[in-house]
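Chemist: I'm passing along structure-v8.pdb; it holds PDB, C-alpha atoms, pLDDT in the B column.
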ATOM      1  CA  MET A   1       0.000   0.000   0.000  1.00 44.00           C
ATOM      2  CA  ALA A   2       2.888   2.415   0.520  1.00 43.00           C
ATOM      3  CA  ASP A   3       4.190   4.210  -2.528  1.00 45.00           C
ATOM      4  CA  ALA A   4       7.623   3.314  -3.862  1.00 46.00           C
ATOM      5  CA  THR A   5       9.278   6.589  -2.881  1.00 48.00           C
ATOM      6  CA  THR A   6       8.747   5.949   0.828  1.00 59.00           C
ATOM      7  CA  THR A   7      10.046   2.386   0.717  1.00 64.00           C
ATOM      8  CA  ASP A   8      13.056   2.888  -1.577  1.00 71.00           C
ATOM      9  CA  GLY A   9      15.891   0.807  -0.179  1.00 83.00           C
ATOM     10  CA  PHE A  10      13.427  -1.309   1.800  1.00 94.00           C
ATOM     11  CA  PRO A  11      11.486  -3.387  -0.740  1.00 93.00           C
ATOM     12  CA  ASP A  12      10.217  -5.724   1.970  1.00 95.00           C
ATOM     13  CA  ILE A  13       8.185  -2.955   3.603  1.00 97.00           C
ATOM     14  CA  ALA A  14       5.807  -2.509   0.658  1.00 94.00           C
ATOM     15  CA  GLY A  15       4.263  -5.942   1.254  1.00 94.00           C
ATOM     16  CA  MET A  16       4.031  -5.698   5.042  1.00 96.00           C
ATOM     17  CA  ARG A  17       0.775  -5.821   6.938  1.00 96.00           C
ATOM     18  CA  TYR A  18       0.007  -2.744   9.029  1.00 96.00           C
ATOM     19  CA  GLU A  19       0.408  -4.583  12.338  1.00 97.00           C
ATOM     20  CA  ASP A  20       3.812  -5.996  11.381  1.00 97.00           C
ATOM     21  CA  ALA A  21       5.098  -2.632  10.190  1.00 97.00           C
ATOM     22  CA  ARG A  22       3.834  -0.934  13.350  1.00 98.00           C
ATOM     23  CA  GLU A  23       5.496  -3.510  15.624  1.00 98.00           C
ATOM     24  CA  GLU A  24       8.817  -3.149  13.824  1.00 98.00           C
ATOM     25  CA  LEU A  25       8.530   0.642  14.001  1.00 98.00           C
ATOM     26  CA  ILE A  26       7.961   0.432  17.772  1.00 97.00           C
ATOM     27  CA  ALA A  27      11.080  -1.743  18.113  1.00 97.00           C
ATOM     28  CA  ILE A  28      13.141   0.715  16.054  1.00 97.00           C
ATOM     29  CA  VAL A  29      11.996   3.656  18.162  1.00 97.00           C
ATOM     30  CA  ALA A  30      12.977   1.768  21.313  1.00 96.00           C
ATOM     31  CA  LYS A  31      16.460   1.051  19.881  1.00 95.00           C
ATOM     32  CA  LEU A  32      16.933   4.673  18.862  1.00 96.00           C
ATOM     33  CA  GLU A  33      15.740   5.971  22.225  1.00 96.00           C
ATOM     34  CA  ALA A  34      18.201   3.665  23.996  1.00 96.00           C
ATOM     35  CA  GLY A  35      20.984   5.487  22.137  1.00 94.00           C
ATOM     36  CA  GLN A  36      23.318   2.493  22.131  1.00 90.00           C
ATOM     37  CA  ALA A  37      23.676   1.979  18.362  1.00 92.00           C
ATOM     38  CA  PRO A  38      26.594   3.515  16.467  1.00 95.00           C
ATOM     39  CA  LEU A  39      25.729   6.586  14.392  1.00 96.00           C
ATOM     40  CA  GLU A  40      25.739   4.751  11.032  1.00 96.00           C
ATOM     41  CA  ASP A  41      23.416   2.049  12.410  1.00 96.00           C
ATOM     42  CA  SER A  42      21.191   4.683  13.970  1.00 96.00           C
ATOM     43  CA  MET A  43      20.855   6.501  10.652  1.00 97.00           C
ATOM     44  CA  GLN A  44      19.904   3.249   8.885  1.00 97.00           C
ATOM     45  CA  LEU A  45      17.358   2.506  11.612  1.00 97.00           C
ATOM     46  CA  TRP A  46      16.007   6.058  11.258  1.00 97.00           C
ATOM     47  CA  ARG A  47      15.577   5.672   7.491  1.00 97.00           C
ATOM     48  CA  ARG A  48      13.836   2.316   7.909  1.00 97.00           C
ATOM     49  CA  GLY A  49      11.643   3.802  10.635  1.00 97.00           C
ATOM     50  CA  GLU A  50      10.650   6.641   8.323  1.00 97.00           C
ATOM     51  CA  ALA A  51       9.723   4.142   5.599  1.00 97.00           C
ATOM     52  CA  LEU A  52       7.735   2.054   8.096  1.00 98.00           C
ATOM     53  CA  ALA A  53       5.919   5.147   9.395  1.00 97.00           C
ATOM     54  CA  ALA A  54       4.997   6.195   5.849  1.00 97.00           C
ATOM     55  CA  HIS A  55       3.755   2.674   5.115  1.00 97.00           C
ATOM     56  CA  CYS A  56       1.605   2.671   8.269  1.00 97.00           C
ATOM     57  CA  SER A  57       0.252   6.094   7.378  1.00 97.00           C
ATOM     58  CA  THR A  58      -0.711   4.861   3.921  1.00 96.00           C
ATOM     59  CA  TRP A  59      -2.560   1.898   5.459  1.00 95.00           C
ATOM     60  CA  LEU A  60      -4.405   4.179   7.879  1.00 95.00           C
ATOM     61  CA  ASP A  61      -5.300   6.684   5.157  1.00 95.00           C
ATOM     62  CA  GLY A  62      -6.687   3.848   3.050  1.00 94.00           C
ATOM     63  CA  ALA A  63      -8.715   2.486   5.950  1.00 93.00           C
ATOM     64  CA  GLN A  64     -10.123   5.939   6.698  1.00 94.00           C
ATOM     65  CA  ALA A  65     -11.095   6.447   3.056  1.00 93.00           C
ATOM     66  CA  GLU A  66     -12.814   3.061   2.991  1.00 93.00           C
ATOM     67  CA  ILE A  67     -14.765   3.851   6.150  1.00 93.00           C
ATOM     68  CA  GLU A  68     -15.778   7.234   4.771  1.00 91.00           C
ATOM     69  CA  ARG A  69     -16.989   5.600   1.546  1.00 90.00           C
ATOM     70  CA  ALA A  70     -18.943   2.991   3.490  1.00 90.00           C
ATOM     71  CA  THR A  71     -20.605   5.531   5.763  1.00 89.00           C
ATOM     72  CA  ARG A  72     -21.230   8.242   3.177  1.00 85.00           C
ATOM     73  CA  PRO A  73     -24.929   8.838   2.593  1.00 76.00           C
ATOM     74  CA  ALA A  74     -26.173   6.801  -0.339  1.00 66.00           C
ATOM     75  CA  ALA A  75     -27.290   8.374  -3.605  1.00 60.00           C
ATOM     76  CA  SER A  76     -30.498  10.354  -3.364  1.00 56.00           C
ATOM     77  CA  GLY A  77     -33.563   8.175  -2.974  1.00 56.00           C
ATOM     78  CA  THR A  78     -31.695   5.081  -1.850  1.00 59.00           C
ATOM     79  CA  GLU A  79     -31.095   5.930   1.807  1.00 61.00           C
ATOM     80  CA  LEU A  80     -32.487   3.583   4.427  1.00 59.00           C
ATOM     81  CA  HIS A  81     -34.537   5.043   7.257  1.00 61.00           C
ATOM     82  CA  ALA A  82     -35.605   3.511  10.558  1.00 63.00           C
ATOM     83  CA  ASP A  83     -39.225   3.473   9.391  1.00 62.00           C
ATOM     84  CA  ASP A  84     -38.444   1.523   6.191  1.00 57.00           C
ATOM     85  CA  GLU A  85     -40.050  -1.884   5.798  1.00 63.00           C
ATOM     86  CA  ILE A  86     -36.680  -3.611   6.023  1.00 57.00           C
ATOM     87  CA  PHE A  87     -36.531  -2.662   9.706  1.00 54.00           C
ATOM     88  CA  ASP A  88     -40.057  -3.849  10.570  1.00 57.00           C
ATOM     89  CA  GLU A  89     -40.232  -6.804  12.919  1.00 63.00           C
ATOM     90  CA  ASP A  90     -41.416 -10.028  11.384  1.00 61.00           C
ATOM     91  CA  ASP A  91     -44.767 -10.909  12.978  1.00 56.00           C
ATOM     92  CA  SER A  92     -44.801 -14.432  11.520  1.00 52.00           C
TER
END
When written as structure tokens, how does the structure in this file appear?
Modeler:
Amino acid sequence: MADATTTDGFPDIAGMRYEDAREELIAIVAKLEAGQAPLEDSMQLWRRGEALAAHCSTWLDGAQAEIERATRPAASGTELHADDEIFDEDDS
């Protein structure tokens, strides 16, 4: 779901599920916050973290768009209302 520019150098990220990308991002943040990695390693972790964050953002944006489409009012004349027959209890 992420575009190629955010995952350049990390081709494996493009196919990751949101949950997997998020978990790896959390682990990277913890490593960076610990401050124990050499500078070169830290920069590589930072770049991968940025790519993971962009990938997660793309997933979330897509989910939000899908929810908005699903909850958008239907075309005029096709909306369902609480008093429509479909909602009537079956007296059988």
Chemist: Between A:Leu39, A:Leu52, A:Leu60, A:Ala14, which has the minimum distance to Ala27 in chain A (counting only C-alpha atoms)?
Modeler: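 For Ala27 in chain A, the nearest of the given residues is A:Leu52.
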Chemist: Measure the distance from CA of Val29 in chain A to CA of Ser57 in chain A in Å and round it to one decimal.
Modeler: 16.1 Å
Chemist: Could you tell me how far CA of Gln36 in chain A sits from CA of Ile13 in chain A, in Å to one decimal place?
Modeler: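 Rounded to one decimal, the two atoms are 24.5 Å apart.
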Chemist: I need the residue nearest Leu25 in chain A from this list: A:Gly49, A:Pro73, A:Pro38, A:Pro11. Use all atoms listed in the file for the distance.
Modeler: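 Answer, going by the shortest atom-to-atom distance: A:Gly49.
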Chemist: Looking at all atoms listed in the file, which of A:Glu40, A:Ala34, A:Asp12, A:Ala21 is the one that sits closest to Thr58 in chain A?
Modeler: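 Ranking A:Glu40, A:Ala34, A:Asp12, A:Ala21 by distance to Thr58 in chain A, first place goes to A:Ala21.
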Chemist: What is the CA of Ile26 in chain A to CA of Ala53 in chain A distance in Å?
Modeler: 9.8 Å
Chemist: Counting all atoms listed in the file, which residues sit no farther than 12 Å from the position (10.6, -0.3, 12.0) in the file's frame? I'd like them as an MDAnalysis selection string.
Modeler: chainID A and resid 7 10 12:13 16 18:32 42 44:56
Chemist: Can you report as AutoDock Vina command-line options the centre and edge lengths in Å, to one decimal, of an axis-aligned box around the listed atoms of range 20-33 of chain A padded with 5 Å on each side?
Modeler:
--center_x 10.4 --center_y 0.0 --center_z 16.2 --size_x 23.1 --size_y 22.0 --size_z 22.0
